[in-house]
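Source file: protein-v5.cif. Holds: mmCIF, N, CA and C atoms.
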```cif
data_structure
loop_
_atom_site.group_PDB
_atom_site.id
_atom_site.type_symbol
_atom_site.label_atom_id
_atom_site.label_comp_id
_atom_site.auth_asym_id
_atom_site.auth_seq_id
_atom_site.Cartn_x
_atom_site.Cartn_y
_atom_site.Cartn_z
ATOM 1 N N MET A 22 104.696 104.974 73.444
ATOM 2 C CA MET A 22 105.847 104.204 73.859
ATOM 3 C C MET A 22 106.407 104.814 75.143
ATOM 4 N N VAL A 23 106.744 103.976 76.067
ATOM 5 C CA VAL A 23 107.341 104.416 77.324
ATOM 6 C C VAL A 23 108.786 104.834 77.033
ATOM 7 N N THR A 24 109.159 106.042 77.470
ATOM 8 C CA THR A 24 110.519 106.524 77.226
ATOM 9 C C THR A 24 111.394 106.489 78.462
ATOM 10 N N GLU A 25 110.773 106.634 79.642
ATOM 11 C CA GLU A 25 111.541 106.517 80.884
ATOM 12 C C GLU A 25 110.617 106.140 82.028
ATOM 13 N N VAL A 26 111.179 105.465 83.010
ATOM 14 C CA VAL A 26 110.406 105.001 84.166
ATOM 15 C C VAL A 26 111.261 105.179 85.409
ATOM 16 N N ASP A 27 110.692 105.819 86.407
ATOM 17 C CA ASP A 27 111.354 105.926 87.706
ATOM 18 C C ASP A 27 111.229 104.562 88.387
ATOM 19 N N ALA A 28 112.342 103.958 88.734
ATOM 20 C CA ALA A 28 112.345 102.609 89.325
ATOM 21 C C ALA A 28 111.525 102.541 90.610
ATOM 22 N N ASP A 29 111.384 103.659 91.325
ATOM 23 C CA ASP A 29 110.630 103.671 92.579
ATOM 24 C C ASP A 29 109.141 103.962 92.384
ATOM 25 N N SER A 30 108.724 104.260 91.158
ATOM 26 C CA SER A 30 107.321 104.557 90.887
ATOM 27 C C SER A 30 106.509 103.261 90.829
ATOM 28 N N PRO A 31 105.175 103.359 90.919
ATOM 29 C CA PRO A 31 104.351 102.153 90.789
ATOM 30 C C PRO A 31 104.616 101.414 89.466
ATOM 31 N N ALA A 32 104.815 102.141 88.374
ATOM 32 C CA ALA A 32 105.102 101.497 87.080
ATOM 33 C C ALA A 32 106.455 100.796 87.122
ATOM 34 N N GLY A 33 107.438 101.449 87.705
ATOM 35 C CA GLY A 33 108.763 100.840 87.815
ATOM 36 C C GLY A 33 108.742 99.596 88.680
ATOM 37 N N GLN A 34 107.952 99.609 89.740
ATOM 38 C CA GLN A 34 107.846 98.449 90.622
ATOM 39 C C GLN A 34 107.172 97.275 89.929
ATOM 40 N N LYS A 35 106.378 97.554 88.878
ATOM 41 C CA LYS A 35 105.709 96.490 88.115
ATOM 42 C C LYS A 35 106.499 96.115 86.859
ATOM 43 N N ASN A 36 107.744 96.602 86.779
ATOM 44 C CA ASN A 36 108.663 96.247 85.706
ATOM 45 C C ASN A 36 108.269 96.811 84.337
ATOM 46 N N ILE A 37 107.531 97.914 84.319
ATOM 47 C CA ILE A 37 107.311 98.614 83.055
ATOM 48 C C ILE A 37 108.611 99.329 82.744
ATOM 49 N N ARG A 38 109.052 99.243 81.493
ATOM 50 C CA ARG A 38 110.375 99.782 81.162
ATOM 51 C C ARG A 38 110.360 100.515 79.823
ATOM 52 N N PRO A 39 111.391 101.332 79.593
ATOM 53 C CA PRO A 39 111.481 102.042 78.317
ATOM 54 C C PRO A 39 111.406 101.062 77.153
ATOM 55 N N GLY A 40 110.669 101.463 76.127
ATOM 56 C CA GLY A 40 110.478 100.608 74.963
ATOM 57 C C GLY A 40 109.147 99.879 74.980
ATOM 58 N N ASP A 41 108.535 99.742 76.170
ATOM 59 C CA ASP A 41 107.203 99.146 76.251
ATOM 60 C C ASP A 41 106.205 100.089 75.572
ATOM 61 N N VAL A 42 105.167 99.526 74.992
ATOM 62 C CA VAL A 42 104.114 100.326 74.369
ATOM 63 C C VAL A 42 102.812 100.037 75.108
ATOM 64 N N ILE A 43 102.221 101.069 75.700
ATOM 65 C CA ILE A 43 100.936 100.926 76.386
ATOM 66 C C ILE A 43 99.851 101.024 75.321
ATOM 67 N N THR A 44 99.069 99.953 75.164
ATOM 68 C CA THR A 44 98.044 99.915 74.120
ATOM 69 C C THR A 44 96.629 100.087 74.670
ATOM 70 N N GLU A 45 96.452 99.807 75.963
ATOM 71 C CA GLU A 45 95.143 99.992 76.603
ATOM 72 C C GLU A 45 95.327 100.465 78.037
ATOM 73 N N VAL A 46 94.397 101.309 78.465
ATOM 74 C CA VAL A 46 94.311 101.731 79.866
ATOM 75 C C VAL A 46 92.883 101.454 80.301
ATOM 76 N N ALA A 47 92.723 100.659 81.344
ATOM 77 C CA ALA A 47 91.395 100.312 81.868
ATOM 78 C C ALA A 47 90.520 99.742 80.756
ATOM 79 N N GLN A 48 91.098 98.872 79.947
ATOM 80 C CA GLN A 48 90.415 98.158 78.869
ATOM 81 C C GLN A 48 89.883 99.067 77.768
ATOM 82 N N GLN A 49 90.508 100.246 77.613
ATOM 83 C CA GLN A 49 90.166 101.152 76.522
ATOM 84 C C GLN A 49 91.437 101.450 75.739
ATOM 85 N N LYS A 50 91.362 101.280 74.417
ATOM 86 C CA LYS A 50 92.524 101.478 73.561
ATOM 87 C C LYS A 50 93.025 102.919 73.637
ATOM 88 N N VAL A 51 94.346 103.069 73.610
ATOM 89 C CA VAL A 51 94.986 104.380 73.574
ATOM 90 C C VAL A 51 96.027 104.365 72.458
ATOM 91 N N THR A 52 96.221 105.529 71.837
ATOM 92 C CA THR A 52 97.156 105.596 70.720
ATOM 93 C C THR A 52 98.207 106.680 70.877
ATOM 94 N N SER A 53 98.175 107.396 72.003
ATOM 95 C CA SER A 53 99.169 108.450 72.219
ATOM 96 C C SER A 53 99.454 108.613 73.706
ATOM 97 N N ALA A 54 100.564 109.245 73.992
ATOM 98 C CA ALA A 54 100.922 109.517 75.387
ATOM 99 C C ALA A 54 99.878 110.406 76.055
ATOM 100 N N ASP A 55 99.322 111.358 75.299
ATOM 101 C CA ASP A 55 98.283 112.229 75.858
ATOM 102 C C ASP A 55 97.048 111.431 76.261
ATOM 103 N N GLU A 56 96.664 110.440 75.446
ATOM 104 C CA GLU A 56 95.521 109.600 75.785
ATOM 105 C C GLU A 56 95.794 108.779 77.034
ATOM 106 N N VAL A 57 97.010 108.262 77.162
ATOM 107 C CA VAL A 57 97.379 107.497 78.359
ATOM 108 C C VAL A 57 97.246 108.382 79.588
ATOM 109 N N SER A 58 97.811 109.584 79.526
ATOM 110 C CA SER A 58 97.747 110.513 80.661
ATOM 111 C C SER A 58 96.313 110.871 81.011
ATOM 112 N N ALA A 59 95.498 111.142 79.997
ATOM 113 C CA ALA A 59 94.103 111.512 80.235
ATOM 114 C C ALA A 59 93.330 110.363 80.879
ATOM 115 N N LYS A 60 93.547 109.139 80.408
ATOM 116 C CA LYS A 60 92.860 107.983 80.983
ATOM 117 C C LYS A 60 93.299 107.746 82.428
ATOM 118 N N LEU A 61 94.599 107.874 82.689
ATOM 119 C CA LEU A 61 95.083 107.694 84.062
ATOM 120 C C LEU A 61 94.491 108.751 84.980
ATOM 121 N N ASP A 62 94.419 110.005 84.518
ATOM 122 C CA ASP A 62 93.810 111.072 85.306
ATOM 123 C C ASP A 62 92.337 110.774 85.581
ATOM 124 N N ALA A 63 91.623 110.301 84.563
ATOM 125 C CA ALA A 63 90.201 109.989 84.726
ATOM 126 C C ALA A 63 90.003 108.853 85.735
ATOM 127 N N GLU A 64 90.857 107.855 85.673
ATOM 128 C CA GLU A 64 90.756 106.736 86.619
ATOM 129 C C GLU A 64 91.025 107.215 88.044
ATOM 130 N N ARG A 65 92.010 108.095 88.203
ATOM 131 C CA ARG A 65 92.333 108.660 89.514
ATOM 132 C C ARG A 65 91.145 109.463 90.048
ATOM 133 N N LYS A 66 90.573 110.321 89.192
ATOM 134 C CA LYS A 66 89.443 111.166 89.608
ATOM 135 C C LYS A 66 88.216 110.325 89.950
ATOM 136 N N ALA A 67 88.081 109.162 89.316
ATOM 137 C CA ALA A 67 86.957 108.269 89.601
ATOM 138 C C ALA A 67 87.158 107.516 90.918
ATOM 139 N N GLY A 68 88.328 107.706 91.532
ATOM 140 C CA GLY A 68 88.586 107.084 92.824
ATOM 141 C C GLY A 68 89.203 105.704 92.753
ATOM 142 N N HIS A 69 89.613 105.293 91.565
ATOM 143 C CA HIS A 69 90.227 103.976 91.430
ATOM 144 C C HIS A 69 91.641 103.982 91.996
ATOM 145 N N LYS A 70 92.009 102.898 92.626
ATOM 146 C CA LYS A 70 93.330 102.779 93.244
ATOM 147 C C LYS A 70 94.317 102.023 92.355
ATOM 148 N N VAL A 71 93.788 101.190 91.447
ATOM 149 C CA VAL A 71 94.616 100.373 90.555
ATOM 150 C C VAL A 71 94.029 100.467 89.153
ATOM 151 N N VAL A 72 94.903 100.500 88.157
ATOM 152 C CA VAL A 72 94.451 100.514 86.772
ATOM 153 C C VAL A 72 95.134 99.371 86.020
ATOM 154 N N LEU A 73 94.396 98.765 85.108
ATOM 155 C CA LEU A 73 94.926 97.672 84.304
ATOM 156 C C LEU A 73 95.455 98.236 82.988
ATOM 157 N N LEU A 74 96.725 97.968 82.711
ATOM 158 C CA LEU A 74 97.344 98.402 81.463
ATOM 159 C C LEU A 74 97.594 97.184 80.594
ATOM 160 N N GLN A 75 97.363 97.331 79.297
ATOM 161 C CA GLN A 75 97.809 96.321 78.343
ATOM 162 C C GLN A 75 99.084 96.873 77.735
ATOM 163 N N VAL A 76 100.149 96.083 77.803
ATOM 164 C CA VAL A 76 101.471 96.535 77.382
ATOM 165 C C VAL A 76 102.018 95.576 76.330
ATOM 166 N N SER A 77 102.574 96.147 75.280
ATOM 167 C CA SER A 77 103.250 95.358 74.253
ATOM 168 C C SER A 77 104.752 95.481 74.487
ATOM 169 N N ARG A 78 105.403 94.327 74.620
ATOM 170 C CA ARG A 78 106.860 94.302 74.825
ATOM 171 C C ARG A 78 107.421 93.245 73.882
ATOM 172 N N GLY A 79 108.188 93.700 72.916
ATOM 173 C CA GLY A 79 108.776 92.753 71.971
ATOM 174 C C GLY A 79 107.734 91.968 71.190
ATOM 175 N N GLY A 80 106.600 92.606 70.909
ATOM 176 C CA GLY A 80 105.552 91.948 70.149
ATOM 177 C C GLY A 80 104.613 91.092 70.971
ATOM 178 N N GLU A 81 104.888 90.925 72.259
ATOM 179 C CA GLU A 81 104.034 90.127 73.147
ATOM 180 C C GLU A 81 103.162 91.064 73.984
ATOM 181 N N LEU A 82 101.869 90.759 74.060
ATOM 182 C CA LEU A 82 100.952 91.554 74.870
ATOM 183 C C LEU A 82 100.817 90.947 76.258
ATOM 184 N N THR A 83 100.779 91.821 77.250
ATOM 185 C CA THR A 83 100.575 91.379 78.627
ATOM 186 C C THR A 83 99.749 92.425 79.363
ATOM 187 N N PHE A 84 99.059 92.009 80.389
ATOM 188 C CA PHE A 84 98.295 92.920 81.235
ATOM 189 C C PHE A 84 99.039 93.126 82.542
ATOM 190 N N ILE A 85 99.100 94.391 82.983
ATOM 191 C CA ILE A 85 99.801 94.725 84.215
ATOM 192 C C ILE A 85 98.898 95.654 85.040
ATOM 193 N N GLY A 86 98.638 95.270 86.271
ATOM 194 C CA GLY A 86 97.895 96.129 87.189
ATOM 195 C C GLY A 86 98.863 97.067 87.888
ATOM 196 N N VAL A 87 98.595 98.367 87.794
ATOM 197 C CA VAL A 87 99.479 99.372 88.385
ATOM 198 C C VAL A 87 98.696 100.213 89.374
ATOM 199 N N ARG A 88 99.263 100.379 90.560
ATOM 200 C CA ARG A 88 98.654 101.225 91.598
ATOM 201 C C ARG A 88 98.753 102.693 91.169
ATOM 202 N N LEU A 89 97.662 103.419 91.307
ATOM 203 C CA LEU A 89 97.660 104.840 90.957
ATOM 204 C C LEU A 89 98.164 105.651 92.157
ATOM 205 N N PRO A 90 99.081 106.568 91.906
ATOM 206 C CA PRO A 90 99.592 107.392 93.012
ATOM 207 C C PRO A 90 98.577 108.413 93.474
#
```

Can you turn what I pasted into structure tokens?
Amino acid sequence: MVTEVDADSPAGQKNIRPGDVITEVAQQKVTSADEVSAKLDAERKAGHKVVLLQVSRGGELTFIGVRLP
């Protein structure tokens, strides 16, 4: 679950907000904050500039493309 978001960050610019639950990173299921961080790091190291997140907000699933810093 997202607990805080810097409004100026790539996630904040894509309207990811506290209370959202990230369920997938780059089309791979994640179940913890550590898994999210590890997947984002792996995507960055692979040279990817954007990652696709699946986010649950209020029971609704949506996909959000976020630029990697």

Counting only C-alpha atoms, which of A:Arg88, A:Val23, A:Ala59, A:Gly68 gets nearest to A:Ile37?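 When distances to A:Ile37 are compared using only C-alpha atoms, the smallest one comes from A:Val23.
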
Please write as a PyMOL selection string the full residue list that the PyMOL selection byres ((chain A and resi 45) around 6) yields on this file. chain A and resi 43-44+46-51+73-76

For A:Pro39, work out the shell of residues within 6 Å, counting only C-alpha atoms and skipping chain neighbours fewer than 2 positions away, then give it as a PyMOL selection string. chain A and resi 23-25+41

What does the file look like for those residues with N, CA and C atoms, as a PDB file, in the coordinates of the input?
```
ATOM      1  N   VAL A  23     106.744 103.976  76.067  1.00  0.00           N
ATOM      2  CA  VAL A  23     107.341 104.416  77.324  1.00  0.00           C
ATOM      3  C   VAL A  23     108.786 104.834  77.033  1.00  0.00           C
ATOM      4  N   THR A  24     109.159 106.042  77.470  1.00  0.00           N
ATOM      5  CA  THR A  24     110.519 106.524  77.226  1.00  0.00           C
ATOM      6  C   THR A  24     111.394 106.489  78.462  1.00  0.00           C
ATOM      7  N   GLU A  25     110.773 106.634  79.642  1.00  0.00           N
ATOM      8  CA  GLU A  25     111.541 106.517  80.884  1.00  0.00           C
ATOM      9  C   GLU A  25     110.617 106.140  82.028  1.00  0.00           C
ATOM     10  N   ASP A  41     108.535  99.742  76.170  1.00  0.00           N
ATOM     11  CA  ASP A  41     107.203  99.146  76.251  1.00  0.00           C
ATOM     12  C   ASP A  41     106.205 100.089  75.572  1.00  0.00           C
TER      13      ASP A  41
END
```

Figure out the distance between atom CA of A:Arg38 and atom CA of A:Val26, please, to one decimal in Å. 6.0 Å

Resolved residues for the PyMOL selection byres (((chain A and resi 71 and name CA) around 6) and name CA) as a PyMOL selection string: chain A and resi 69-70+72+87-89

Take stretch 52-70 of chain A, model N, CA, C and O atoms, and hand the result over as a short mmCIF file (atom, residue, chain, number, x, y, z; two decimals), in the frame of the given file.
```cif
data_model
loop_
_atom_site.label_atom_id
_atom_site.label_comp_id
_atom_site.auth_asym_id
_atom_site.auth_seq_id
_atom_site.Cartn_x
_atom_site.Cartn_y
_atom_site.Cartn_z
N THR A 52 96.22 105.53 71.84
CA THR A 52 97.16 105.60 70.72
C THR A 52 98.21 106.68 70.88
O THR A 52 99.03 106.87 69.99
N SER A 53 98.18 107.40 72.00
CA SER A 53 99.17 108.45 72.22
C SER A 53 99.45 108.61 73.71
O SER A 53 98.66 108.18 74.55
N ALA A 54 100.56 109.24 73.99
CA ALA A 54 100.92 109.52 75.39
C ALA A 54 99.88 110.41 76.06
O ALA A 54 99.56 110.22 77.24
N ASP A 55 99.32 111.36 75.30
CA ASP A 55 98.28 112.23 75.86
C ASP A 55 97.05 111.43 76.26
O ASP A 55 96.44 111.70 77.29
N GLU A 56 96.66 110.44 75.45
CA GLU A 56 95.52 109.60 75.78
C GLU A 56 95.79 108.78 77.03
O GLU A 56 94.91 108.62 77.88
N VAL A 57 97.01 108.26 77.16
CA VAL A 57 97.38 107.50 78.36
C VAL A 57 97.25 108.38 79.59
O VAL A 57 96.62 108.01 80.58
N SER A 58 97.81 109.58 79.53
CA SER A 58 97.75 110.51 80.66
C SER A 58 96.31 110.87 81.01
O SER A 58 95.94 110.89 82.19
N ALA A 59 95.50 111.14 80.00
CA ALA A 59 94.10 111.51 80.24
C ALA A 59 93.33 110.36 80.88
O ALA A 59 92.54 110.58 81.81
N LYS A 60 93.55 109.14 80.41
CA LYS A 60 92.86 107.98 80.98
C LYS A 60 93.30 107.75 82.43
O LYS A 60 92.48 107.44 83.29
N LEU A 61 94.60 107.87 82.69
CA LEU A 61 95.08 107.69 84.06
C LEU A 61 94.49 108.75 84.98
O LEU A 61 94.08 108.45 86.11
N ASP A 62 94.42 110.00 84.52
CA ASP A 62 93.81 111.07 85.31
C ASP A 62 92.34 110.77 85.58
O ASP A 62 91.86 110.97 86.70
N ALA A 63 91.62 110.30 84.56
CA ALA A 63 90.20 109.99 84.73
C ALA A 63 90.00 108.85 85.74
O ALA A 63 89.09 108.91 86.56
N GLU A 64 90.86 107.86 85.67
CA GLU A 64 90.76 106.74 86.62
C GLU A 64 91.02 107.22 88.04
O GLU A 64 90.35 106.81 88.99
N ARG A 65 92.01 108.10 88.20
CA ARG A 65 92.33 108.66 89.51
C ARG A 65 91.14 109.46 90.05
O ARG A 65 90.75 109.31 91.21
N LYS A 66 90.57 110.32 89.19
CA LYS A 66 89.44 111.17 89.61
C LYS A 66 88.22 110.32 89.95
O LYS A 66 87.40 110.73 90.77
N ALA A 67 88.08 109.16 89.32
CA ALA A 67 86.96 108.27 89.60
C ALA A 67 87.16 107.52 90.92
O ALA A 67 86.29 106.76 91.34
N GLY A 68 88.33 107.71 91.53
CA GLY A 68 88.59 107.08 92.82
C GLY A 68 89.20 105.70 92.75
O GLY A 68 89.30 105.02 93.77
N HIS A 69 89.61 105.29 91.56
CA HIS A 69 90.23 103.98 91.43
C HIS A 69 91.64 103.98 92.00
O HIS A 69 92.36 104.96 91.86
N LYS A 70 92.01 102.90 92.63
CA LYS A 70 93.33 102.78 93.24
C LYS A 70 94.32 102.02 92.36
O LYS A 70 95.52 102.17 92.50
#
```
